[in-house]
Amino acid sequence: MPDLKVKVGLIGKFDMLKFKNMKKVREKAIQAAPAREVDGVFPINENAKALHPDFLELVIDRIVDRGGAQAKTFVLKRPDGKPLPYFRAGQYISLKIPMDGSLVSRSYSLCDSPKAALAGEYAITVRANPGGFVADRLLAEKKVGDRLIASCPQGFFYYEDLRDAKKVVGLAGGSGITPFLSMARAIADGIEDFELTLLFGSRSEDNILFRGELDEIARACPKFKVVHVLSEEEKVGFESGFITAELIKKYAPEGDFSVFLCGPEAMYKFLKPEIEKLGLPERRFRRKLIDVTKTPWDCEGYPQEARGKSFQILVKQGPQEWTIPASADEPVLVAVERAGIKAPSRCRAGECGWCRSRLLSGTVFIPQENEMRRWADVHYGYIHPCCSFPTSDLVLEIPGEFF
Amino acid sequence: MPKYDIVVVGAGNAGMSAALQCQLAGRKTLLIEKHNLPGGAATSFVRGRFEIEPSLHELCDFGPESNPGDSRRILEGYGVHLKWLECKDCFRVISKYSDGSPMDVTMPAGIDNFIEKMEEYVPGSREKMTKLFDLFQEVLDGIAYITASKGNPDSKVLQTEYPDMLRCGAYSTQKVFDALKLPKKCQDILATYWSYLGVDMEHLAFIHYAAMVHKYVQRSAYIPMHTSHEYSTAMIERFRELGGEVWFNCRAEKFLFNGDKLCGVRTNLGDIECDYALANINPDIIYGRMMPKELIPEREKKLVAARGRILGGRMYTAYFCCDASPEELGITDYSYFLPSTADSVVEYQRIAGGMKTNDYSIFLCYNIVNPEFSPPGTCVCSFTTFGAPEEWGELRQEDYFRFKTEGAKKMLRSLKEKTGIDLVGHIEEMEVASPWTFARYLGVPEGSVYGYEARDWDGMMARMQSIGDDYPIKGLRPIGAAGPRSDGYSATIVCGQLIAANALRDLKNWEGGAK
């Protein structure tokens with residue numbers, strides 16, 4: 001024993017008693033307190049829950065037809081009209097859409113300024129999509145008063161001044177315009193502070209989605225510019241053809257800039273080499289994929305022998321089990337949803353990880369651009385069913401849902 | 001209705017540990033987790049080409065294979081194996097000594113190294129430091145003895161074997177430092193660890209502090225190769241291998257009782273029948289929202305009221321993935337503690353004052369310990385500080401995003417001023433997690449991952465001695481950072497094991513009684 005006990009001045013015999021008394025001291029402090037009912041309510045937790053609820057029940061308040069652009073804007077509210085969770089311009093919500101007895105999820109970028117949420121409104125825009133099962137049904141069937149279940153706003157496709165250049169070139173194709181419209185509106189409202197030059201690819205002049213809105217914001221707000229790029233028309237006042245490195249250079253601002261891209265997978269594949277030609281550092285390029293490939297067999301590394309085959313999936317969720325059919329040509333999530341199973345999913349592009357599930361047996365194919373799993377998930381056999389195509393029979397354990 | 005012996009609610013550190021302990025004991029165990037990921041704080045997230053560690057700075061009391069500490073022993077005992085990397089230094093601290101002079105100190109792991117380095121910074125401190133570490137060792141041995149005695153230590157043994165622990169046990173760290181006449185500069189350097197427990201040196205029980213510092217210094221701390229999500233996933237994998245079941249996105253709504261004894265758990269996936277539930281949930285939430293009010297004893301209501309809203313650190317963190325290597329950015333150390341002063345009482349007050357006065361942060365660069373943490377030519381860094389409850393409680397949604405980024409900017413500026421390291425211009429991905437984030441994700445009151453503040457009357461040793469009295473609900477015990485061992489990865493892993501052992505004993509006793 002060191003001679004320390006002698007040196008520790010204040011500490012003597014009395015302190016031994018103190019040690020033994022710690023429990024008594026604690027008990028005394030407890031007994032001195034009032035026996036109030038415990039409420040378990042904390043302001044910070046209430047705030048967090050209001051911003052990120054498990055899900056939202058929304059009702060379609062109005063529908064705006066976008067005419068030649070073959071799209072409709074759905075304005076959604078809570079049944080009681082109260083404010084909705086705030087969001088960052090560029091974020092999306094995931095809707096659960098009832099389809100023939102099952103619930104199918106789709107993600108839609110919020111296209112209004114974030115301040116609309118405070119007034120209790122979210123606006124999403126759905127565009128006709130040849131062969132697009134859900135979009136066409138939504139456009140044809142949904143009417144004012146219909147109810148939908150939605151996630152709270154999600155996603156990382158937004159401007160962040162610490163990270164991004166003060167000047168941004170936006171590249172939009174098809175319905176990929178919606179997050180940029182929200183950004184433009186947020187800039188006009190003073191909620192965001194950056195300069196946005198948008199190159200927007202459409203087929204023809206009368207097919208441009210939100211043309212009036214975009215041009216109007218550009219007239220009123222010097223920080224926002226829009227360039228329409230028509231793929232099937234040559235017209236004065238428009239660029240024609242596809243968005244290329246040359247075109248980006250033509251409109252890119254002087255000095256440092258970021259490129260933001262939002263569009264279908266086909267557009268991303270086309271633009272990737274074009275963007276590489278610009279020689280930007282990786283931090284200056286951000287993208288949002290809005291779907292998964294419809295032709296997995298065209299992807300690098302696809303096991304061709306699986307193409308077109310049918311498989312069975314044994315799906316487990318908590319205490320329940322189902323055996324369901326699946327096609328090699330569709331992501332696992334599609335088969336699960338079609339079987340009427342309530343399965344979690346949000347981005348449907350491999351990014352958010354909401355559908356993360358344990359693959360207990362079998363093999364899947366995951367396209368390179370959707371591979372965003374954690375290291376240990378790859379190592380221990382977890383997959384994101386939204387972007388995994390079955391290449392054998394599977395046994396899959398999926399997480400539960402909350403609504 | 002599915003039936004299990006034990007349902008563990010929440011797959012945080014304590015929950016995973018408890019589930020493994022129960023399953024190893026041969027009990028049919030179900031682990032339910034409200035997220036689709038295990039680990040609670042022990043998780044990760046992906047942004048672009050980076051996977052980010054959200055919480056683990058260093059797992060203490062781990063040590064090398066040849067000299068394992070408690071954390072390694074427990075995990076290996078469970079049969080959980082993965083590759084861990086050693087953090088060779090304890091910390092670098094850049095601040096001001098309490099006399100106002102500048103402080104820039106790097107302390108190595110290993111008791112001898114630590115004492116030698118201290119002698120360099122504070123000449124003449126060797127003898128006192130050696131005594132201090134002897135005292136730390138005695139405290140650690142004493143705690144081990146008390147734990148082994150299951151809360152009923154023999155006073156005679158305590159008095160003969162652990163007299164110095166008894167003498168210091170009821171005092172604050174500051175009091176003991178002063179009594180030891182430890183040079184003020186030593187005290188300042190040693191104070192660096194206060195924030196790991198979130199209690200300043202005047203109110204932090206010496207015994208708690210001693211156990212923690214000794215654990216960090218004696219054996220170096222470790223981190224997993226691929227973020228703490230790798231560790232959590234390995235824990236789950238092992239639990240499944242042993243026959244345990246895990247349900248993700250399964251949230252406990254209520255605990256169900258038959259009379260005064262727990263009989264099940266109500267979840268979004270249906271009711272589950274069980275004999276026992278171990279809840280990795282803060283007791284305020286269990287009592288407030290998850291069980292019948294009439295089953296909560298008066299004394300438990302008083303316990304909650306006595307603690308009031310005195311919660312431990314409300315976490316506020318910022319993560320930056322940079323497109324430059326640590327060398328290019330001038331980052332040489334794994335962890336930089338950057339308090340504005342070594343005086344923990346002043347610092348605690350500044351943090352409580354909110355963003356305007358708070359200039360505290362811990363800055364980490366994972367690539368220093370693990371050069372392969374992110375793609376070549378990049379690195380991942382994080383800042384950790386604490387949020388003030390009023391500030392985050394009164395914040396409006398429309399101001400939230402900007403407010404949390406402002407705090408991150410302040411930490412970046414402060415890093416540049418204190419170290420010359422400037423990340424701005426290299427940030428490829430970033431994320432900020434505020435007390436709101438931790439409150440939502442972990443469900444902990446006010447985003448406090450530290451549970452109740454372990455200060456004064458409610459310190460670790462006092463809680464340990466009260467294990468038999470706290471939470472007397474039949475068939476339900478809370479586990480986690482709000483528990484007797486307080487916060488931290490190693491503390492909650494131990495807590496899960498300890499409380500699971502109590503639950504297993506209860507079950508055995510009940511079955512014995514039934515025979």
# chains A, B, ... in the order shown; residues from 1 in each chain; ligands from 1
>>> residues_around(residues="region 262-269 of chain B", least_positions_apart="3", cutoff="12 Å", atoms="only C-alpha atoms", output="PyMOL selection string")
(chain A and resi 54+317-320+342+399-403) or (chain B and resi 1-9+30-34+247-259+272-279+290-292+295+472-477)
>>> interface_residues(of="chain B", to="chain A", cutoff="6 Å", atoms="only C-alpha atoms", output="short mmCIF file (atom, residue, chain, number, x, y, z; two decimals) with all heavy atoms, in the first residue's frame")
data_model
loop_
_atom_site.label_atom_id
_atom_site.label_comp_id
_atom_site.auth_asym_id
_atom_site.auth_seq_id
_atom_site.Cartn_x
_atom_site.Cartn_y
_atom_site.Cartn_z
N ASN B 36 -34.23 0.23 -38.44
CA ASN B 36 -33.87 -0.93 -39.25
C ASN B 36 -32.37 -1.20 -39.16
O ASN B 36 -31.82 -1.91 -39.98
CB ASN B 36 -34.32 -0.75 -40.70
CG ASN B 36 -33.55 0.34 -41.42
OD1 ASN B 36 -32.82 1.09 -40.80
ND2 ASN B 36 -33.71 0.44 -42.71
N LEU B 166 -12.03 4.00 -0.07
CA LEU B 166 -13.08 4.43 0.86
C LEU B 166 -12.88 5.88 1.27
O LEU B 166 -13.82 6.65 1.37
CB LEU B 166 -13.05 3.56 2.12
CG LEU B 166 -13.43 2.09 1.96
CD1 LEU B 166 -13.65 1.46 3.32
CD2 LEU B 166 -14.70 1.95 1.14
N ARG B 167 -11.60 6.25 1.47
CA ARG B 167 -11.32 7.62 1.93
C ARG B 167 -11.71 8.65 0.87
O ARG B 167 -12.15 9.74 1.19
CB ARG B 167 -9.84 7.76 2.28
CG ARG B 167 -9.47 6.99 3.53
CD ARG B 167 -8.04 7.28 3.94
NE ARG B 167 -7.79 6.66 5.23
CZ ARG B 167 -7.30 5.44 5.36
NH1 ARG B 167 -7.00 4.72 4.30
NH2 ARG B 167 -7.11 4.93 6.56
N GLY B 169 -13.74 8.03 -1.77
CA GLY B 169 -14.94 7.64 -2.50
C GLY B 169 -16.08 8.62 -2.48
O GLY B 169 -16.84 8.70 -3.43
N ALA B 170 -16.21 9.38 -1.42
CA ALA B 170 -17.38 10.26 -1.32
C ALA B 170 -17.07 11.68 -1.78
O ALA B 170 -17.89 12.56 -1.65
CB ALA B 170 -17.88 10.27 0.12
N ALA B 179 -6.51 17.67 -2.26
CA ALA B 179 -6.00 16.98 -1.07
C ALA B 179 -4.64 16.35 -1.37
O ALA B 179 -3.76 16.31 -0.52
CB ALA B 179 -6.99 15.93 -0.61
N LEU B 180 -4.49 15.86 -2.60
CA LEU B 180 -3.22 15.25 -2.99
C LEU B 180 -2.16 16.29 -3.28
O LEU B 180 -1.02 15.96 -3.55
CB LEU B 180 -3.42 14.38 -4.24
CG LEU B 180 -4.08 13.02 -4.07
CD1 LEU B 180 -4.47 12.46 -5.42
CD2 LEU B 180 -3.14 12.06 -3.36
N GLU B 230 -19.98 -1.76 -37.85
CA GLU B 230 -19.39 -3.09 -38.02
C GLU B 230 -19.49 -3.87 -36.71
O GLU B 230 -19.86 -5.05 -36.71
CB GLU B 230 -17.91 -2.97 -38.43
CG GLU B 230 -17.27 -4.33 -38.64
CD GLU B 230 -15.75 -4.27 -38.78
OE1 GLU B 230 -15.15 -3.20 -38.57
OE2 GLU B 230 -15.16 -5.33 -39.07
N TRP B 247 -35.85 -8.46 -34.43
CA TRP B 247 -36.85 -7.82 -35.29
C TRP B 247 -36.50 -6.34 -35.39
O TRP B 247 -36.50 -5.63 -34.38
CB TRP B 247 -38.26 -7.96 -34.70
CG TRP B 247 -38.77 -9.36 -34.62
CD1 TRP B 247 -38.15 -10.50 -35.07
CD2 TRP B 247 -40.01 -9.79 -34.03
NE1 TRP B 247 -38.92 -11.61 -34.80
CE2 TRP B 247 -40.07 -11.20 -34.17
CE3 TRP B 247 -41.07 -9.11 -33.43
CZ2 TRP B 247 -41.15 -11.94 -33.70
CZ3 TRP B 247 -42.14 -9.84 -32.95
CH2 TRP B 247 -42.19 -11.25 -33.10
N PHE B 248 -36.27 -5.90 -36.63
CA PHE B 248 -35.97 -4.48 -36.85
C PHE B 248 -37.25 -3.72 -37.19
O PHE B 248 -38.25 -4.31 -37.60
CB PHE B 248 -34.94 -4.32 -37.97
CG PHE B 248 -33.55 -4.73 -37.54
CD1 PHE B 248 -32.94 -5.85 -38.08
CD2 PHE B 248 -32.87 -3.99 -36.59
CE1 PHE B 248 -31.66 -6.23 -37.68
CE2 PHE B 248 -31.59 -4.36 -36.19
CZ PHE B 248 -30.98 -5.48 -36.74
N ASN B 249 -37.17 -2.39 -37.03
CA ASN B 249 -38.35 -1.53 -37.20
C ASN B 249 -39.51 -2.07 -36.37
O ASN B 249 -40.66 -2.09 -36.81
CB ASN B 249 -38.79 -1.45 -38.67
CG ASN B 249 -38.03 -0.35 -39.42
OD1 ASN B 249 -37.07 0.19 -38.91
ND2 ASN B 249 -38.48 -0.04 -40.62
N CYS B 250 -39.18 -2.53 -35.19
CA CYS B 250 -40.20 -3.03 -34.27
C CYS B 250 -40.10 -2.19 -33.01
O CYS B 250 -39.10 -2.24 -32.30
CB CYS B 250 -39.96 -4.50 -33.97
SG CYS B 250 -41.14 -5.16 -32.79
N ASP B 284 -37.37 7.63 -17.50
CA ASP B 284 -38.40 8.67 -17.60
C ASP B 284 -39.42 8.33 -18.68
O ASP B 284 -40.61 8.60 -18.54
CB ASP B 284 -37.75 10.02 -17.98
CG ASP B 284 -37.36 10.84 -16.77
OD1 ASP B 284 -36.76 10.25 -15.86
OD2 ASP B 284 -37.65 12.05 -16.76
N ILE B 285 -38.93 7.77 -19.78
CA ILE B 285 -39.80 7.43 -20.90
C ILE B 285 -40.63 6.19 -20.54
O ILE B 285 -41.83 6.12 -20.83
CB ILE B 285 -38.97 7.17 -22.19
CG1 ILE B 285 -38.04 8.35 -22.50
CG2 ILE B 285 -39.88 6.82 -23.37
CD1 ILE B 285 -38.69 9.58 -23.05
N GLY B 288 -43.09 7.35 -17.91
CA GLY B 288 -43.98 8.40 -18.41
C GLY B 288 -44.94 7.92 -19.48
O GLY B 288 -46.06 8.41 -19.58
N GLU B 298 -44.30 4.98 -5.40
CA GLU B 298 -44.07 6.37 -4.97
C GLU B 298 -42.60 6.74 -5.03
O GLU B 298 -42.21 7.79 -5.51
CB GLU B 298 -44.55 6.56 -3.52
CG GLU B 298 -46.05 6.49 -3.35
CD GLU B 298 -46.75 7.71 -3.93
OE1 GLU B 298 -46.69 8.78 -3.31
OE2 GLU B 298 -47.35 7.57 -5.02
N LYS B 301 -41.38 7.58 -8.42
CA LYS B 301 -41.80 8.92 -8.87
C LYS B 301 -40.89 9.97 -8.24
O LYS B 301 -40.52 10.95 -8.88
CB LYS B 301 -43.25 9.18 -8.46
CG LYS B 301 -44.25 8.30 -9.19
CD LYS B 301 -45.66 8.60 -8.71
CE LYS B 301 -46.63 7.54 -9.22
NZ LYS B 301 -47.93 7.61 -8.57
N LYS B 302 -40.55 9.73 -6.99
CA LYS B 302 -39.64 10.65 -6.30
C LYS B 302 -38.26 10.65 -6.95
O LYS B 302 -37.63 11.69 -7.08
CB LYS B 302 -39.51 10.27 -4.82
CG LYS B 302 -40.72 10.63 -3.98
CD LYS B 302 -40.62 9.96 -2.61
CE LYS B 302 -41.78 10.32 -1.72
NZ LYS B 302 -41.49 11.47 -0.84
N LEU B 303 -37.82 9.46 -7.33
CA LEU B 303 -36.50 9.36 -7.98
C LEU B 303 -36.47 10.19 -9.26
O LEU B 303 -35.53 10.96 -9.50
CB LEU B 303 -36.17 7.89 -8.29
CG LEU B 303 -34.94 7.60 -9.15
CD1 LEU B 303 -33.66 8.13 -8.50
CD2 LEU B 303 -34.78 6.09 -9.39
N ALA B 305 -38.43 12.70 -9.98
CA ALA B 305 -38.55 14.12 -9.62
C ALA B 305 -37.24 14.65 -9.04
O ALA B 305 -36.86 15.80 -9.29
CB ALA B 305 -39.69 14.30 -8.61
N ALA B 306 -36.53 13.83 -8.26
CA ALA B 306 -35.28 14.28 -7.65
C ALA B 306 -34.24 14.59 -8.72
O ALA B 306 -33.44 15.51 -8.60
CB ALA B 306 -34.74 13.20 -6.71
N GLY B 393 -34.59 23.68 -27.17
CA GLY B 393 -35.98 23.44 -26.83
C GLY B 393 -36.88 24.50 -27.43
O GLY B 393 -38.04 24.25 -27.75
N ILE B 427 -14.56 20.43 -48.15
CA ILE B 427 -15.69 19.64 -47.64
C ILE B 427 -16.48 19.05 -48.80
O ILE B 427 -17.09 19.78 -49.58
CB ILE B 427 -16.59 20.51 -46.74
CG1 ILE B 427 -15.78 21.02 -45.54
CG2 ILE B 427 -17.82 19.73 -46.29
CD1 ILE B 427 -16.42 22.16 -44.78
N GLU B 428 -16.44 17.74 -48.92
CA GLU B 428 -17.18 17.07 -50.00
C GLU B 428 -18.55 16.60 -49.52
O GLU B 428 -19.53 16.66 -50.25
CB GLU B 428 -16.36 15.88 -50.51
CG GLU B 428 -17.01 15.17 -51.69
CD GLU B 428 -16.11 14.11 -52.30
OE1 GLU B 428 -14.90 14.33 -52.40
OE2 GLU B 428 -16.64 13.03 -52.65
N TRP B 436 -31.76 17.51 -31.37
CA TRP B 436 -33.01 17.03 -31.98
C TRP B 436 -32.77 15.67 -32.62
O TRP B 436 -33.59 14.76 -32.53
CB TRP B 436 -33.50 17.99 -33.06
CG TRP B 436 -34.05 19.30 -32.58
CD1 TRP B 436 -33.74 19.96 -31.43
CD2 TRP B 436 -35.02 20.10 -33.26
NE1 TRP B 436 -34.43 21.13 -31.36
CE2 TRP B 436 -35.23 21.25 -32.46
CE3 TRP B 436 -35.72 19.98 -34.46
CZ2 TRP B 436 -36.11 22.27 -32.83
CZ3 TRP B 436 -36.60 20.99 -34.83
CH2 TRP B 436 -36.80 22.12 -34.02
N ALA B 439 -32.33 13.06 -30.00
CA ALA B 439 -33.62 12.83 -29.33
C ALA B 439 -34.50 11.94 -30.20
O ALA B 439 -35.14 11.00 -29.74
CB ALA B 439 -34.31 14.15 -29.05
N ARG B 440 -34.52 12.24 -31.50
CA ARG B 440 -35.37 11.49 -32.41
C ARG B 440 -34.83 10.09 -32.62
O ARG B 440 -35.54 9.10 -32.49
CB ARG B 440 -35.45 12.19 -33.76
CG ARG B 440 -36.17 11.41 -34.83
CD ARG B 440 -36.21 12.17 -36.14
NE ARG B 440 -34.90 12.30 -36.74
CZ ARG B 440 -34.37 11.41 -37.57
NH1 ARG B 440 -35.02 10.30 -37.86
NH2 ARG B 440 -33.18 11.60 -38.09
N GLU B 446 -34.23 14.81 -24.51
CA GLU B 446 -33.48 16.01 -24.91
C GLU B 446 -32.18 15.71 -25.65
O GLU B 446 -31.26 16.53 -25.67
CB GLU B 446 -33.22 16.90 -23.70
CG GLU B 446 -34.54 17.38 -23.10
CD GLU B 446 -34.39 18.48 -22.08
OE1 GLU B 446 -33.25 18.82 -21.73
OE2 GLU B 446 -35.43 18.99 -21.65
N TRP B 457 -25.11 13.57 -5.51
CA TRP B 457 -25.74 12.43 -4.85
C TRP B 457 -26.04 11.28 -5.80
O TRP B 457 -26.22 10.15 -5.38
CB TRP B 457 -27.02 12.86 -4.13
CG TRP B 457 -28.09 13.41 -5.06
CD1 TRP B 457 -28.24 14.71 -5.41
CD2 TRP B 457 -29.12 12.68 -5.74
NE1 TRP B 457 -29.31 14.85 -6.28
CE2 TRP B 457 -29.87 13.62 -6.49
CE3 TRP B 457 -29.49 11.33 -5.78
CZ2 TRP B 457 -30.95 13.25 -7.29
CZ3 TRP B 457 -30.57 10.98 -6.58
CH2 TRP B 457 -31.28 11.93 -7.33
N ALA B 462 -22.92 5.64 -5.99
CA ALA B 462 -24.19 5.67 -5.25
C ALA B 462 -25.25 4.87 -6.01
O ALA B 462 -26.06 4.15 -5.41
CB ALA B 462 -24.64 7.12 -5.06
#
>>> residues_around(residues="His228 (chain A)", least_positions_apart="4", cutoff="8 Å", atoms="only C-alpha atoms", output="list in words")
Leu199, Phe200, Gly201, Ser202, Phe238 and Glu239 of chain A
>>> write_last_selection(atoms="N, CA and C atoms", output="PDB file, in the first residue's frame")
ATOM      1  N   LEU A 199     -29.906  24.291 -66.385  1.00  0.00           N
ATOM      2  CA  LEU A 199     -30.038  23.775 -67.754  1.00  0.00           C
ATOM      3  C   LEU A 199     -31.088  22.675 -67.701  1.00  0.00           C
ATOM      4  N   PHE A 200     -32.199  22.931 -68.393  1.00  0.00           N
ATOM      5  CA  PHE A 200     -33.356  22.041 -68.247  1.00  0.00           C
ATOM      6  C   PHE A 200     -33.675  21.394 -69.591  1.00  0.00           C
ATOM      7  N   GLY A 201     -33.502  20.090 -69.626  1.00  0.00           N
ATOM      8  CA  GLY A 201     -33.750  19.355 -70.862  1.00  0.00           C
ATOM      9  C   GLY A 201     -35.208  18.929 -70.993  1.00  0.00           C
ATOM     10  N   SER A 202     -35.843  19.347 -72.123  1.00  0.00           N
ATOM     11  CA  SER A 202     -37.215  18.909 -72.427  1.00  0.00           C
ATOM     12  C   SER A 202     -37.235  18.457 -73.883  1.00  0.00           C
ATOM     13  N   PHE A 238     -33.749  29.013 -77.655  1.00  0.00           N
ATOM     14  CA  PHE A 238     -33.583  27.746 -76.929  1.00  0.00           C
ATOM     15  C   PHE A 238     -32.283  27.080 -77.366  1.00  0.00           C
ATOM     16  N   GLU A 239     -31.723  26.313 -76.502  1.00  0.00           N
ATOM     17  CA  GLU A 239     -30.631  25.430 -76.918  1.00  0.00           C
ATOM     18  C   GLU A 239     -31.289  24.167 -77.459  1.00  0.00           C
TER      19      GLU A 239
END
>>> residues_around(residues="Leu190 (chain B)", least_positions_apart="4", cutoff="12 Å", atoms="only C-alpha atoms", output="JSON, numbers by chain")
{"B": [90, 91, 92, 93, 97, 105, 106, 107, 114, 115, 118, 122, 129, 132, 133, 173, 174, 177, 182, 183, 184, 185, 186, 194, 195, 201, 209, 210, 212, 213, 214, 216, 217, 337, 342, 343, 344]}
>>> closest_residue(among="A:Ala266, A:Met99, A:Leu181, A:Leu314", to="Glu216 (chain A)", atoms="only C-alpha atoms")
A:Leu181
>>> select_by_dssp(residues="region 77-112 of chain B", states="helix (DSSP H, G or I)", output="PyMOL selection string")
chain B and resi 77-78+111-112
>>> write_last_selection(atoms="C-alpha atoms", output="short mmCIF file (atom, residue, chain, number, x, y, z; two decimals), in the first residue's frame")
data_model
loop_
_atom_site.label_atom_id
_atom_site.label_comp_id
_atom_site.auth_asym_id
_atom_site.auth_seq_id
_atom_site.Cartn_x
_atom_site.Cartn_y
_atom_site.Cartn_z
CA GLY B 77 -16.74 -13.86 -24.01
CA TYR B 78 -19.81 -13.34 -26.20
CA ILE B 111 0.52 4.59 -17.41
CA ASP B 112 4.33 4.91 -17.48
#
>>> residues_around(residues="region 106-109 of chain A", least_positions_apart="2", cutoff="9 Å", atoms="only C-alpha atoms", output="CSV table (one decimal) with N, CA, C and O atoms, in the first residue's frame")
chain,number,residue,atom,x,y,z
A,89,ALA,N,-35.0,23.0,-49.4
A,89,ALA,CA,-35.4,22.9,-50.9
A,89,ALA,C,-34.5,21.9,-51.5
A,89,ALA,O,-33.3,21.9,-51.5
A,90,GLY,N,-35.2,20.9,-52.2
A,90,GLY,CA,-34.5,19.8,-52.9
A,90,GLY,C,-34.9,18.5,-52.3
A,90,GLY,O,-34.6,17.4,-52.9
A,91,GLN,N,-35.5,18.5,-51.1
A,91,GLN,CA,-35.8,17.2,-50.4
A,91,GLN,C,-37.1,16.7,-51.0
A,91,GLN,O,-37.9,17.3,-51.7
A,92,TYR,N,-37.3,15.4,-50.7
A,92,TYR,CA,-38.5,14.7,-51.3
A,92,TYR,C,-39.3,14.1,-50.1
A,92,TYR,O,-38.9,14.0,-49.0
A,93,ILE,N,-40.6,13.7,-50.5
A,93,ILE,CA,-41.3,12.9,-49.6
A,93,ILE,C,-41.6,11.5,-50.3
A,93,ILE,O,-41.6,11.5,-51.5
A,94,SER,N,-41.8,10.5,-49.5
A,94,SER,CA,-42.1,9.2,-50.1
A,94,SER,C,-43.6,8.9,-49.9
A,94,SER,O,-44.1,9.0,-48.7
A,95,LEU,N,-44.3,8.7,-50.9
A,95,LEU,CA,-45.8,8.5,-50.8
A,95,LEU,C,-46.1,7.0,-50.8
A,95,LEU,O,-45.4,6.3,-51.6
A,96,LYS,N,-47.0,6.5,-50.0
A,96,LYS,CA,-47.5,5.2,-50.1
A,96,LYS,C,-48.8,5.2,-50.9
A,96,LYS,O,-49.8,5.8,-50.4
A,97,ILE,N,-48.8,4.6,-52.0
A,97,ILE,CA,-50.0,4.7,-52.9
A,97,ILE,C,-50.7,3.4,-53.0
A,97,ILE,O,-50.1,2.4,-53.4
A,104,VAL,N,-47.7,0.8,-52.7
A,104,VAL,CA,-46.5,1.0,-53.5
A,104,VAL,C,-45.9,2.4,-53.1
A,104,VAL,O,-46.7,3.4,-53.1
A,111,CYS,N,-42.0,20.6,-54.6
A,111,CYS,CA,-41.6,21.6,-55.6
A,111,CYS,C,-41.9,23.0,-55.2
A,111,CYS,O,-41.6,23.9,-55.9
A,123,ALA,N,-46.4,20.5,-52.1
A,123,ALA,CA,-46.8,20.3,-53.5
A,123,ALA,C,-45.8,19.3,-54.1
A,123,ALA,O,-44.6,19.4,-54.0
A,124,ILE,N,-46.3,18.3,-54.8
A,124,ILE,CA,-45.5,17.4,-55.6
A,124,ILE,C,-46.0,17.4,-57.0
A,124,ILE,O,-47.2,17.8,-57.3
A,125,THR,N,-45.2,17.1,-58.0
A,125,THR,CA,-45.6,17.1,-59.4
A,125,THR,C,-45.3,15.7,-60.0
A,125,THR,O,-44.2,15.2,-59.8
A,126,VAL,N,-46.3,15.1,-60.6
A,126,VAL,CA,-46.2,13.8,-61.1
A,126,VAL,C,-46.3,13.9,-62.6
A,126,VAL,O,-47.2,14.6,-63.2
A,134,VAL,N,-47.0,3.4,-61.8
A,134,VAL,CA,-47.6,4.2,-60.7
A,134,VAL,C,-48.0,5.6,-61.2
A,134,VAL,O,-49.1,6.1,-60.9
A,135,ALA,N,-47.1,6.3,-61.9
A,135,ALA,CA,-47.3,7.7,-62.3
A,135,ALA,C,-48.6,7.8,-63.1
A,135,ALA,O,-49.5,8.6,-62.8
A,153,PRO,N,-40.2,14.9,-45.0
A,153,PRO,CA,-39.2,15.2,-46.0
A,153,PRO,C,-37.8,14.6,-45.7
A,153,PRO,O,-37.4,14.4,-44.6
A,176,GLY,N,-37.1,15.6,-63.1
A,176,GLY,CA,-36.0,16.0,-62.3
A,176,GLY,C,-36.0,17.5,-62.1
A,176,GLY,O,-35.2,18.0,-61.3
A,178,THR,N,-38.3,19.2,-60.5
A,178,THR,CA,-39.0,19.6,-59.3
A,178,THR,C,-38.1,20.1,-58.1
A,178,THR,O,-38.4,21.1,-57.5
A,179,PRO,N,-37.0,19.4,-57.8
A,179,PRO,CA,-36.2,19.9,-56.7
A,179,PRO,C,-35.6,21.3,-57.0
A,179,PRO,O,-35.4,22.1,-56.1
A,182,SER,N,-38.1,24.0,-56.4
A,182,SER,CA,-38.1,24.4,-55.0
A,182,SER,C,-36.9,25.2,-54.6
A,182,SER,O,-37.1,26.2,-53.9
A,290,ILE,N,-33.5,9.4,-59.6
A,290,ILE,CA,-34.9,9.3,-59.2
A,290,ILE,C,-35.4,7.9,-59.5
A,290,ILE,O,-36.6,7.6,-59.3
A,345,SER,N,-39.7,1.6,-47.3
A,345,SER,CA,-38.9,2.0,-48.4
A,345,SER,C,-39.1,3.5,-48.6
A,345,SER,O,-40.2,4.0,-48.2
A,346,ARG,N,-38.1,4.2,-49.1
A,346,ARG,CA,-38.3,5.6,-49.3
A,346,ARG,C,-37.7,6.1,-50.6
A,346,ARG,O,-38.4,6.4,-51.5
A,347,CYS,N,-36.4,6.2,-50.7
A,347,CYS,CA,-35.8,6.8,-51.9
A,347,CYS,C,-36.0,6.0,-53.2
A,347,CYS,O,-36.0,6.5,-54.3
A,348,ARG,N,-36.0,4.6,-53.0
A,348,ARG,CA,-36.1,3.7,-54.1
A,348,ARG,C,-34.9,3.8,-55.1
A,348,ARG,O,-35.0,3.6,-56.3
